[in-house]
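So this block is my_file.cif, mmCIF, C-alpha atoms:
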```cif
data_start
#
loop_
_atom_site.label_atom_id
_atom_site.label_comp_id
_atom_site.auth_asym_id
_atom_site.auth_seq_id
_atom_site.Cartn_x
_atom_site.Cartn_y
_atom_site.Cartn_z
CA MET A 1 24.29 57.44 21.70
CA SER A 2 27.23 59.65 22.64
CA SER A 3 30.21 58.19 24.49
CA PRO A 4 30.99 58.98 28.14
CA ALA A 5 33.95 61.13 27.01
CA VAL A 6 31.70 63.17 24.74
CA ARG A 7 29.10 63.69 27.47
CA GLU A 8 31.76 64.59 30.05
CA THR A 9 33.26 67.20 27.73
CA ALA A 10 29.81 68.59 26.96
CA ASP A 11 29.12 68.78 30.71
CA LEU A 12 32.34 70.73 31.26
CA LEU A 13 31.49 73.33 28.61
CA ALA A 14 27.88 73.60 29.75
CA GLU A 15 29.02 74.22 33.32
CA ALA A 16 31.41 76.93 32.14
CA GLU A 17 28.55 78.66 30.37
CA ARG A 18 26.25 78.31 33.38
CA THR A 19 28.75 79.61 35.95
CA GLY A 20 30.55 82.16 33.79
CA LYS A 21 33.88 80.55 34.61
CA PRO A 22 35.99 79.47 31.59
CA VAL A 23 37.63 76.05 31.63
CA ALA A 24 40.93 74.65 30.41
CA PRO A 25 41.15 73.59 26.75
CA VAL A 26 39.29 70.36 25.99
CA ARG A 27 41.44 69.26 23.04
CA ASP A 28 43.38 66.68 25.08
CA ARG A 29 40.11 64.78 25.55
CA PHE A 30 40.13 63.88 21.82
CA ALA A 31 42.59 62.33 19.44
CA ALA A 32 44.54 65.07 17.71
CA GLY A 33 42.39 66.67 15.03
CA ASP A 34 39.32 64.55 15.83
CA ILE A 35 36.79 67.07 14.54
CA ALA A 36 33.99 64.49 14.28
CA THR A 37 34.07 63.89 18.05
CA ALA A 38 34.22 67.64 18.67
CA TYR A 39 31.03 68.05 16.63
CA ALA A 40 29.47 65.25 18.69
CA VAL A 41 30.17 67.31 21.84
CA GLN A 42 28.64 70.37 20.19
CA ARG A 43 25.55 68.35 19.25
CA VAL A 44 25.01 67.12 22.81
CA ASN A 45 24.83 70.64 24.19
CA VAL A 46 22.65 71.91 21.34
CA GLU A 47 20.22 69.04 21.90
CA ARG A 48 20.12 69.82 25.62
CA LYS A 49 19.17 73.40 24.84
CA LEU A 50 16.46 72.28 22.44
CA ALA A 51 15.08 69.98 25.13
CA ALA A 52 14.94 73.02 27.44
CA GLY A 53 12.71 74.84 24.96
CA ARG A 54 15.23 76.80 22.90
CA ARG A 55 15.05 76.84 19.09
CA VAL A 56 17.69 76.59 16.35
CA VAL A 57 17.26 79.54 13.97
CA GLY A 58 20.30 79.00 11.76
CA ARG A 59 24.04 78.43 11.67
CA LYS A 60 27.22 80.44 11.97
CA ILE A 61 30.36 79.81 9.97
CA GLY A 62 33.76 80.31 11.56
CA LEU A 63 37.38 80.08 10.46
CA THR A 64 36.71 81.65 7.05
CA SER A 65 39.93 83.69 7.18
CA PRO A 66 43.01 81.98 5.70
CA ALA A 67 45.14 83.66 8.37
CA VAL A 68 43.04 82.21 11.20
CA GLN A 69 42.99 78.79 9.52
CA ALA A 70 46.78 78.86 9.34
CA GLN A 71 46.96 79.89 13.01
CA LEU A 72 44.88 76.87 14.05
CA GLY A 73 46.48 74.49 11.56
CA VAL A 74 43.31 73.74 9.57
CA ASP A 75 42.30 74.06 5.96
CA ARG A 76 38.53 74.43 6.28
CA PRO A 77 35.92 76.47 8.15
CA ASP A 78 33.74 75.20 10.97
CA PHE A 79 30.13 75.85 12.01
CA GLY A 80 27.93 76.19 15.06
CA ALA A 81 24.23 76.48 15.80
CA LEU A 82 22.40 79.78 16.26
CA LEU A 83 19.67 79.61 18.88
CA SER A 84 16.68 81.92 19.20
CA ASP A 85 17.80 83.48 22.48
CA MET A 86 21.20 84.42 21.02
CA ALA A 87 19.58 87.24 19.00
CA VAL A 88 20.05 90.82 20.18
CA PRO A 89 17.95 93.57 18.51
CA ASP A 90 19.72 96.09 16.29
CA GLY A 91 20.89 98.84 18.64
CA GLY A 92 20.18 96.63 21.66
CA THR A 93 22.25 96.06 24.78
CA VAL A 94 24.16 92.97 25.90
CA PRO A 95 23.58 92.63 29.64
CA ALA A 96 26.59 92.75 31.94
CA GLY A 97 27.85 89.26 32.69
CA ARG A 98 25.92 87.60 29.86
CA LEU A 99 29.13 86.46 28.13
CA LEU A 100 32.52 85.30 29.37
CA GLN A 101 35.11 86.68 26.91
CA PRO A 102 33.21 88.52 24.16
CA LYS A 103 34.68 89.68 20.88
CA VAL A 104 32.84 91.40 18.03
CA GLU A 105 33.10 90.83 14.29
CA ALA A 106 31.13 92.18 11.34
CA GLU A 107 29.55 89.76 8.87
CA VAL A 108 27.08 89.31 6.06
CA ALA A 109 23.97 87.38 7.10
CA LEU A 110 21.83 85.44 4.62
CA VAL A 111 18.23 84.47 5.32
CA LEU A 112 16.91 81.53 3.32
CA GLY A 113 13.54 81.59 1.60
CA THR A 114 13.54 77.91 0.61
CA ASP A 115 15.06 74.66 1.86
CA LEU A 116 18.59 73.88 0.69
CA ASP A 117 18.76 70.11 0.68
CA VAL A 118 21.19 69.24 -2.12
CA ALA A 119 24.19 66.94 -1.85
CA GLU A 120 26.70 69.14 -3.68
CA PRO A 121 25.42 72.74 -3.57
CA ASN A 122 26.88 75.50 -5.69
CA VAL A 123 26.65 79.30 -5.70
CA ALA A 124 23.56 79.22 -7.92
CA ASP A 125 21.80 77.02 -5.36
CA ILE A 126 22.63 79.50 -2.59
CA ILE A 127 21.42 82.48 -4.62
CA ARG A 128 18.19 80.69 -5.52
CA ALA A 129 17.49 79.72 -1.91
CA THR A 130 18.35 83.09 -0.34
CA ASP A 131 15.51 85.49 0.37
CA PHE A 132 17.68 88.45 1.39
CA ALA A 133 20.95 89.59 2.98
CA LEU A 134 21.50 91.73 6.08
CA PRO A 135 24.45 93.36 7.82
CA ALA A 136 25.26 91.51 11.02
CA LEU A 137 27.43 91.57 14.11
CA GLU A 138 28.49 88.30 15.63
CA ILE A 139 29.53 88.49 19.26
CA VAL A 140 31.74 85.47 19.63
CA ASP A 141 32.57 84.01 23.02
CA SER A 142 34.65 81.16 24.37
CA ARG A 143 34.10 78.89 27.31
CA ILE A 144 37.84 78.06 27.02
CA ALA A 145 40.05 80.16 29.29
CA GLY A 146 42.05 82.85 27.54
CA TRP A 147 40.75 81.86 24.09
CA ASP A 148 43.43 79.14 24.12
CA ILE A 149 41.78 77.16 21.32
CA THR A 150 42.49 74.74 18.53
CA ILE A 151 39.97 73.55 15.95
CA THR A 152 38.63 70.82 18.26
CA ASP A 153 38.20 73.26 21.15
CA THR A 154 36.16 75.73 19.15
CA VAL A 155 34.05 73.10 17.36
CA ALA A 156 33.15 71.41 20.65
CA ASP A 157 32.30 74.86 22.06
CA ASN A 158 29.63 75.47 19.36
CA ALA A 159 32.18 77.24 17.16
CA SER A 160 32.74 79.83 19.91
CA SER A 161 29.21 81.15 19.50
CA GLY A 162 27.85 83.87 21.74
CA LEU A 163 25.20 86.27 20.44
CA PHE A 164 24.32 87.91 17.14
CA VAL A 165 22.73 91.13 15.90
CA LEU A 166 20.98 91.52 12.55
CA GLY A 167 20.27 94.73 10.67
CA THR A 168 16.66 95.44 9.83
CA ALA A 169 16.68 96.54 6.18
CA PRO A 170 16.73 93.38 3.97
CA VAL A 171 18.63 93.59 0.68
CA PRO A 172 17.99 91.18 -2.22
CA LEU A 173 21.09 89.55 -3.71
CA THR A 174 20.26 91.12 -7.07
CA SER A 175 21.09 94.51 -5.50
CA VAL A 176 24.51 93.80 -4.01
CA ASP A 177 27.80 92.11 -4.93
CA LEU A 178 28.64 90.40 -1.66
CA ARG A 179 32.23 89.67 -2.64
CA GLY A 180 32.80 93.36 -3.33
CA VAL A 181 31.30 94.87 -0.19
CA THR A 182 33.55 96.81 2.16
CA MET A 183 33.22 96.81 5.94
CA THR A 184 34.15 99.26 8.66
CA LEU A 185 33.69 98.38 12.35
CA LEU A 186 33.58 101.26 14.82
CA ARG A 187 33.93 101.14 18.59
CA GLY A 188 32.48 104.49 19.56
CA GLU A 189 34.01 106.82 17.00
CA GLU A 190 37.18 104.74 16.57
CA LYS A 191 37.68 102.51 13.54
CA VAL A 192 38.80 99.17 14.99
CA SER A 193 38.39 96.70 12.10
CA ALA A 194 37.98 96.77 8.35
CA GLY A 195 37.71 94.30 5.51
CA SER A 196 35.72 93.19 2.51
CA GLY A 197 33.50 90.41 1.26
CA ALA A 198 36.51 88.85 -0.44
CA ASP A 199 38.15 88.41 2.99
CA CYS A 200 35.47 85.84 3.89
CA LEU A 201 36.49 82.69 2.02
CA ASP A 202 36.79 84.81 -1.16
CA GLY A 203 33.13 85.78 -0.83
CA PRO A 204 30.26 85.11 1.62
CA LEU A 205 28.42 83.00 -0.96
CA ASN A 206 31.39 80.61 -1.06
CA ALA A 207 31.20 80.27 2.71
CA ALA A 208 27.47 79.49 2.45
CA VAL A 209 28.18 76.84 -0.21
CA TRP A 210 30.64 75.15 2.15
CA LEU A 211 28.14 75.21 5.03
CA ALA A 212 25.26 73.87 2.94
CA GLY A 213 27.41 70.99 1.72
CA ALA A 214 28.75 70.15 5.19
CA LEU A 215 25.25 70.10 6.71
CA ALA A 216 23.75 68.09 3.87
CA GLU A 217 26.52 65.52 4.31
CA MET A 218 25.62 65.26 8.00
CA GLY A 219 21.92 64.84 7.23
CA GLU A 220 21.00 68.24 8.73
CA PRO A 221 20.30 70.42 5.66
CA LEU A 222 19.52 74.12 5.84
CA LYS A 223 15.83 75.01 5.86
CA ALA A 224 13.66 77.93 4.75
CA GLY A 225 13.90 80.73 7.31
CA ASP A 226 17.38 79.75 8.50
CA ILE A 227 19.85 82.53 9.21
CA ILE A 228 23.42 82.03 7.99
CA LEU A 229 26.18 84.12 9.50
CA THR A 230 28.71 83.72 6.72
CA GLY A 231 31.91 84.65 8.57
CA ALA A 232 33.96 87.65 9.58
CA LEU A 233 34.83 90.33 7.03
CA GLY A 234 37.71 91.58 9.15
CA PRO A 235 39.55 90.96 12.43
CA MET A 236 37.47 90.43 15.56
CA VAL A 237 37.73 92.99 18.36
CA PRO A 238 37.52 92.39 22.14
CA ALA A 239 34.49 93.98 23.81
CA ALA A 240 34.44 95.57 27.25
CA PRO A 241 31.56 96.78 29.44
CA GLY A 242 30.25 100.11 28.16
CA ASP A 243 31.52 99.64 24.60
CA ARG A 244 29.33 100.61 21.64
CA PHE A 245 29.92 99.02 18.22
CA GLU A 246 28.61 99.84 14.76
CA ALA A 247 29.37 97.90 11.58
CA ARG A 248 28.92 99.66 8.24
CA ILE A 249 28.82 97.37 5.21
CA SER A 250 28.56 98.94 1.78
CA GLY A 251 25.40 98.00 -0.07
CA LEU A 252 23.85 96.51 3.08
CA GLY A 253 23.74 99.35 5.61
CA SER A 254 24.69 99.32 9.27
CA VAL A 255 24.03 97.42 12.49
CA ARG A 256 24.77 98.41 16.10
CA VAL A 257 25.09 96.96 19.59
CA ARG A 258 25.99 98.20 23.06
CA PHE A 259 27.55 96.39 26.02
CA ALA A 260 26.06 97.40 29.35
CA PRO A 261 28.40 98.99 31.89
CA GLU A 262 29.87 96.60 34.42
CA GLU A 263 27.68 95.95 37.44
CA ILE A 264 29.01 97.50 40.64
CA GLU A 265 28.91 95.07 43.54
CA GLY A 266 26.80 96.37 46.39
CA ALA A 267 25.24 99.13 44.30
CA ALA A 268 21.89 100.45 45.53
CA GLN A 269 18.87 98.54 44.24
#
```

Translate the structure described by the file into structure tokens.
Amino acid sequence: MSSPAVRETADLLAEAERTGKPVAPVRDRFAAGDIATAYAVQRVNVERKLAAGRRVVGRKIGLTSPAVQAQLGVDRPDFGALLSDMAVPDGGTVPAGRLLQPKVEAEVALVLGTDLDVAEPNVADIIRATDFALPALEIVDSRIAGWDITITDTVADNASSGLFVLGTAPVPLTSVDLRGVTMTLLRGEEKVSAGSGADCLDGPLNAAVWLAGALAEMGEPLKAGDIILTGALGPMVPAAPGDRFEARISGLGSVRVRFAPEEIEGAAQ
């Protein structure tokens, strides 16, 4: 059973998501650096969503950039749950008001073909279990006002998850060197972010190894069919109503998303 403090913090974040109104940082509700309690908060809200009929379809990895880790004073990534209704079709539109403070980042997604339930996974285990890779956009969001976050804030807030977009042309790992891929993120015609596979924990497969080990240790191993968003290949970019983004990842192809224009109050129905 979760403690009253855990449930109260989960309530606060859930209410922020429901109302579209960000809240103050929640880190002062935990002991400094108490990541275990932050994951307990995350779990409460994920379980509530499952009870409401939503479905976990995978996990996202965050904090894979050494620069971001240094900024937040941590030495490891974090993870959150991907739910079925977080998926946006390639080329689809994010409705106005769906998210609070969206930012976009380009990633490599892995889709598992077999369960990955090993205590100390390695790269070979990840390669064996992976069915294919896809280009992906993660649209991160924060229920914390102004993105004023530490590691405990983002973990409690489902690793700042929002939505995700997957490309539609699967690529087997035998056809691509994920560490060597290069990424360009465009907003309209403007290049707004760039990076490589090596910028994600020195390779997306390394990020997946970390995730598989962390989940196995918690007794929640990855399963066949799970999607893994392995982490940003370059800096994330704020999104505004009307923006159009396209990520191009060498060897994997491209993936696109659009943000609907802002709704005009009192507009004709």

Please produce, as a tab-separated table, a per-residue contact table for region 27-104 of chain A versus region 169-188 of chain A (criterion: any atom at most 12 Å away, all atoms listed in the file considered), showing the nearest atom pair and its distance in Å to one decimal, sorted by chain then residue number.
```
residue	atom	partner	partner_atom	distance
A:Asp90	CA	A:Ala169	CA	10.6
A:Lys103	CA	A:Arg187	CA	11.7
A:Val104	CA	A:Leu185	CA	9.0
```

**Request:** Please provide as a ChimeraX atom specification all residues within 9 Å of Pro204 (chain A), with the sequence filter that same-chain residues fewer than 5 positions apart are discarded (counting only C-alpha atoms).
**Result:** /A:107-110,178-179,197-199,209,229-231,233

Would you give the centre and edge lengths, in Å to one decimal, of a box along x, y and z around the listed atoms of region 208-218 of chain A, with 8 Å added to each side, as JSON?
```
{"center_x": 27.2, "center_y": 72.4, "center_z": 3.9, "size_x": 22.9, "size_y": 30.2, "size_z": 24.2}
```

**Message:** I'd like the residues picked by the PyMOL selection byres ((chain A and resi 220) around 12) written out as a PyMOL selection string, using the chain letters and numbers from the file.
**Reply:** chain A and resi 43+56+58-59+81+115-119+211-219+221-223

**Request:** Can you turn the PyMOL selection byres ((chain A and resi 143) around 12) into a concrete residue list for this file, as a PyMOL selection string?
**Result:** chain A and resi 9-26+99-102+140-142+144-149+153-162

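The set of residues that the PyMOL selection byres ((chain A and resi 234) around 8) takes from this file is Glu105, Ala106, Met183, Ser193, Ala194, Gly195, Ser196, Asp199, Ala232, Leu233, Pro235 and Met236 of chain A.
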
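CA of Thr114 (chain A) is found 5.0 Å from CA of Ala129 (chain A).
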
**Fill in**
Leu83 (chain A) proximity check over A:Ile227, A:Val237, A:Ala40, A:Val255, using all atoms listed in the file: winner is A:Ile227

**Asked** If you measure from CA of Arg7 (chain A) to CA of Gln42 (chain A), what distance in Å do you get, rounded to one decimal?
**Response**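 According to the coordinates, CA of Arg7 (chain A) and CA of Gln42 (chain A) are separated by 9.9 Å.
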
**Counting all atoms listed in the file, the residue of A:Leu82, A:Leu112, A:Ala32, A:Lys49 that sits nearest Asp125 (chain A)** = A:Leu112

**Nearby residues (all atoms listed in the file) at most 12 Å from Ala70 (chain A), same-chain spacing under 6 positions excluded, as a list in words** =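 Once the nearby chain positions are removed, what remains is Leu63, Thr64, Arg76, Pro77, Thr150 and Ile151 of chain A.
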
**Nearest to Val111 (chain A) by atom-to-atom distance, counting all atoms listed in the file, from A:Gly80, A:Pro135, A:Gly203, A:Pro241** =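 Of the candidates, the smallest distance to Val111 (chain A) is held by A:Pro135.
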
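Distance-wise, CA of Lys60 (chain A) and CA of Ile35 (chain A) end up 16.6 Å apart.
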
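Ranking A:Ala208, A:Val165, A:Leu134, A:Ile228 by their shortest atom-to-atom distance to Ser250 (chain A), with only C-alpha atoms included, puts A:Leu134 first.
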
Where atoms are missing, can you supply N, CA and C atoms for region 212-246 of chain A and output the lot as an mmCIF file, in the frame of the given file?
```cif
data_model
loop_
_atom_site.group_PDB
_atom_site.id
_atom_site.type_symbol
_atom_site.label_atom_id
_atom_site.label_comp_id
_atom_site.auth_asym_id
_atom_site.auth_seq_id
_atom_site.Cartn_x
_atom_site.Cartn_y
_atom_site.Cartn_z
ATOM 1 N N ALA A 212 26.378 74.669 3.451
ATOM 2 C CA ALA A 212 25.260 73.870 2.940
ATOM 3 C C ALA A 212 25.709 72.451 2.621
ATOM 4 N N GLY A 213 26.897 72.318 2.041
ATOM 5 C CA GLY A 213 27.410 70.990 1.720
ATOM 6 C C GLY A 213 27.741 70.189 2.962
ATOM 7 N N ALA A 214 28.374 70.849 3.951
ATOM 8 C CA ALA A 214 28.750 70.150 5.190
ATOM 9 C C ALA A 214 27.510 69.663 5.934
ATOM 10 N N LEU A 215 26.470 70.485 5.997
ATOM 11 C CA LEU A 215 25.250 70.100 6.710
ATOM 12 C C LEU A 215 24.481 69.023 5.967
ATOM 13 N N ALA A 216 24.430 69.116 4.641
ATOM 14 C CA ALA A 216 23.750 68.090 3.870
ATOM 15 C C ALA A 216 24.436 66.733 4.055
ATOM 16 N N GLU A 217 25.759 66.757 4.120
ATOM 17 C CA GLU A 217 26.520 65.520 4.310
ATOM 18 C C GLU A 217 26.227 64.901 5.673
ATOM 19 N N MET A 218 25.912 65.745 6.662
ATOM 20 C CA MET A 218 25.620 65.260 8.000
ATOM 21 C C MET A 218 24.137 64.938 8.187
ATOM 22 N N GLY A 219 23.341 65.119 7.134
ATOM 23 C CA GLY A 219 21.920 64.840 7.230
ATOM 24 C C GLY A 219 21.132 65.898 7.978
ATOM 25 N N GLU A 220 21.665 67.127 8.045
ATOM 26 C CA GLU A 220 21.000 68.240 8.730
ATOM 27 C C GLU A 220 20.935 69.451 7.805
ATOM 28 N N PRO A 221 20.258 69.351 6.660
ATOM 29 C CA PRO A 221 20.300 70.420 5.660
ATOM 30 C C PRO A 221 19.666 71.718 6.154
ATOM 31 N N LEU A 222 20.098 72.809 5.548
ATOM 32 C CA LEU A 222 19.520 74.120 5.840
ATOM 33 C C LEU A 222 18.070 74.166 5.382
ATOM 34 N N LYS A 223 17.258 74.939 6.130
ATOM 35 C CA LYS A 223 15.830 75.010 5.860
ATOM 36 C C LYS A 223 15.398 76.451 5.600
ATOM 37 N N ALA A 224 14.232 76.605 4.963
ATOM 38 C CA ALA A 224 13.660 77.930 4.750
ATOM 39 C C ALA A 224 13.544 78.659 6.088
ATOM 40 N N GLY A 225 13.926 79.928 6.086
ATOM 41 C CA GLY A 225 13.900 80.730 7.310
ATOM 42 C C GLY A 225 15.192 80.722 8.081
ATOM 43 N N ASP A 226 16.102 79.798 7.777
ATOM 44 C CA ASP A 226 17.380 79.750 8.500
ATOM 45 C C ASP A 226 18.209 81.003 8.238
ATOM 46 N N ILE A 227 18.870 81.456 9.297
ATOM 47 C CA ILE A 227 19.850 82.530 9.210
ATOM 48 C C ILE A 227 21.233 81.908 9.055
ATOM 49 N N ILE A 228 22.024 82.454 8.135
ATOM 50 C CA ILE A 228 23.420 82.030 7.990
ATOM 51 C C ILE A 228 24.313 83.222 8.264
ATOM 52 N N LEU A 229 25.120 83.146 9.313
ATOM 53 C CA LEU A 229 26.180 84.120 9.500
ATOM 54 C C LEU A 229 27.396 83.590 8.758
ATOM 55 N N THR A 230 27.781 84.304 7.693
ATOM 56 C CA THR A 230 28.710 83.720 6.720
ATOM 57 C C THR A 230 30.182 83.827 7.108
ATOM 58 N N GLY A 231 30.511 84.563 8.158
ATOM 59 C CA GLY A 231 31.910 84.650 8.570
ATOM 60 C C GLY A 231 32.420 86.073 8.585
ATOM 61 N N ALA A 232 33.453 86.296 9.357
ATOM 62 C CA ALA A 232 33.960 87.650 9.580
ATOM 63 C C ALA A 232 34.527 88.265 8.312
ATOM 64 N N LEU A 233 34.268 89.571 8.150
ATOM 65 C CA LEU A 233 34.830 90.330 7.030
ATOM 66 C C LEU A 233 36.127 91.022 7.411
ATOM 67 N N GLY A 234 36.479 90.957 8.675
ATOM 68 C CA GLY A 234 37.710 91.580 9.150
ATOM 69 C C GLY A 234 38.036 91.033 10.529
ATOM 70 N N PRO A 235 39.143 91.472 11.128
ATOM 71 C CA PRO A 235 39.550 90.960 12.430
ATOM 72 C C PRO A 235 38.506 91.215 13.513
ATOM 73 N N MET A 236 38.381 90.245 14.440
ATOM 74 C CA MET A 236 37.470 90.430 15.560
ATOM 75 C C MET A 236 38.124 91.305 16.610
ATOM 76 N N VAL A 237 37.270 91.967 17.412
ATOM 77 C CA VAL A 237 37.730 92.990 18.360
ATOM 78 C C VAL A 237 37.186 92.673 19.746
ATOM 79 N N PRO A 238 38.023 92.637 20.784
ATOM 80 C CA PRO A 238 37.520 92.390 22.140
ATOM 81 C C PRO A 238 36.525 93.464 22.557
ATOM 82 N N ALA A 239 35.521 93.061 23.323
ATOM 83 C CA ALA A 239 34.490 93.980 23.810
ATOM 84 C C ALA A 239 34.586 94.095 25.318
ATOM 85 N N ALA A 240 34.401 95.306 25.819
ATOM 86 C CA ALA A 240 34.440 95.570 27.250
ATOM 87 C C ALA A 240 33.132 96.223 27.682
ATOM 88 N N PRO A 241 32.777 96.125 28.965
ATOM 89 C CA PRO A 241 31.560 96.780 29.440
ATOM 90 C C PRO A 241 31.545 98.265 29.054
ATOM 91 N N GLY A 242 30.396 98.728 28.577
ATOM 92 C CA GLY A 242 30.250 100.110 28.160
ATOM 93 C C GLY A 242 30.574 100.394 26.718
ATOM 94 N N ASP A 243 31.168 99.435 26.008
ATOM 95 C CA ASP A 243 31.520 99.640 24.600
ATOM 96 C C ASP A 243 30.267 99.724 23.726
ATOM 97 N N ARG A 244 30.370 100.524 22.662
ATOM 98 C CA ARG A 244 29.330 100.610 21.640
ATOM 99 C C ARG A 244 29.979 100.309 20.291
ATOM 100 N N PHE A 245 29.380 99.414 19.525
ATOM 101 C CA PHE A 245 29.920 99.020 18.220
ATOM 102 C C PHE A 245 28.907 99.316 17.126
ATOM 103 N N GLU A 246 29.433 99.695 15.972
ATOM 104 C CA GLU A 246 28.610 99.840 14.760
ATOM 105 C C GLU A 246 29.387 99.289 13.581
#
```
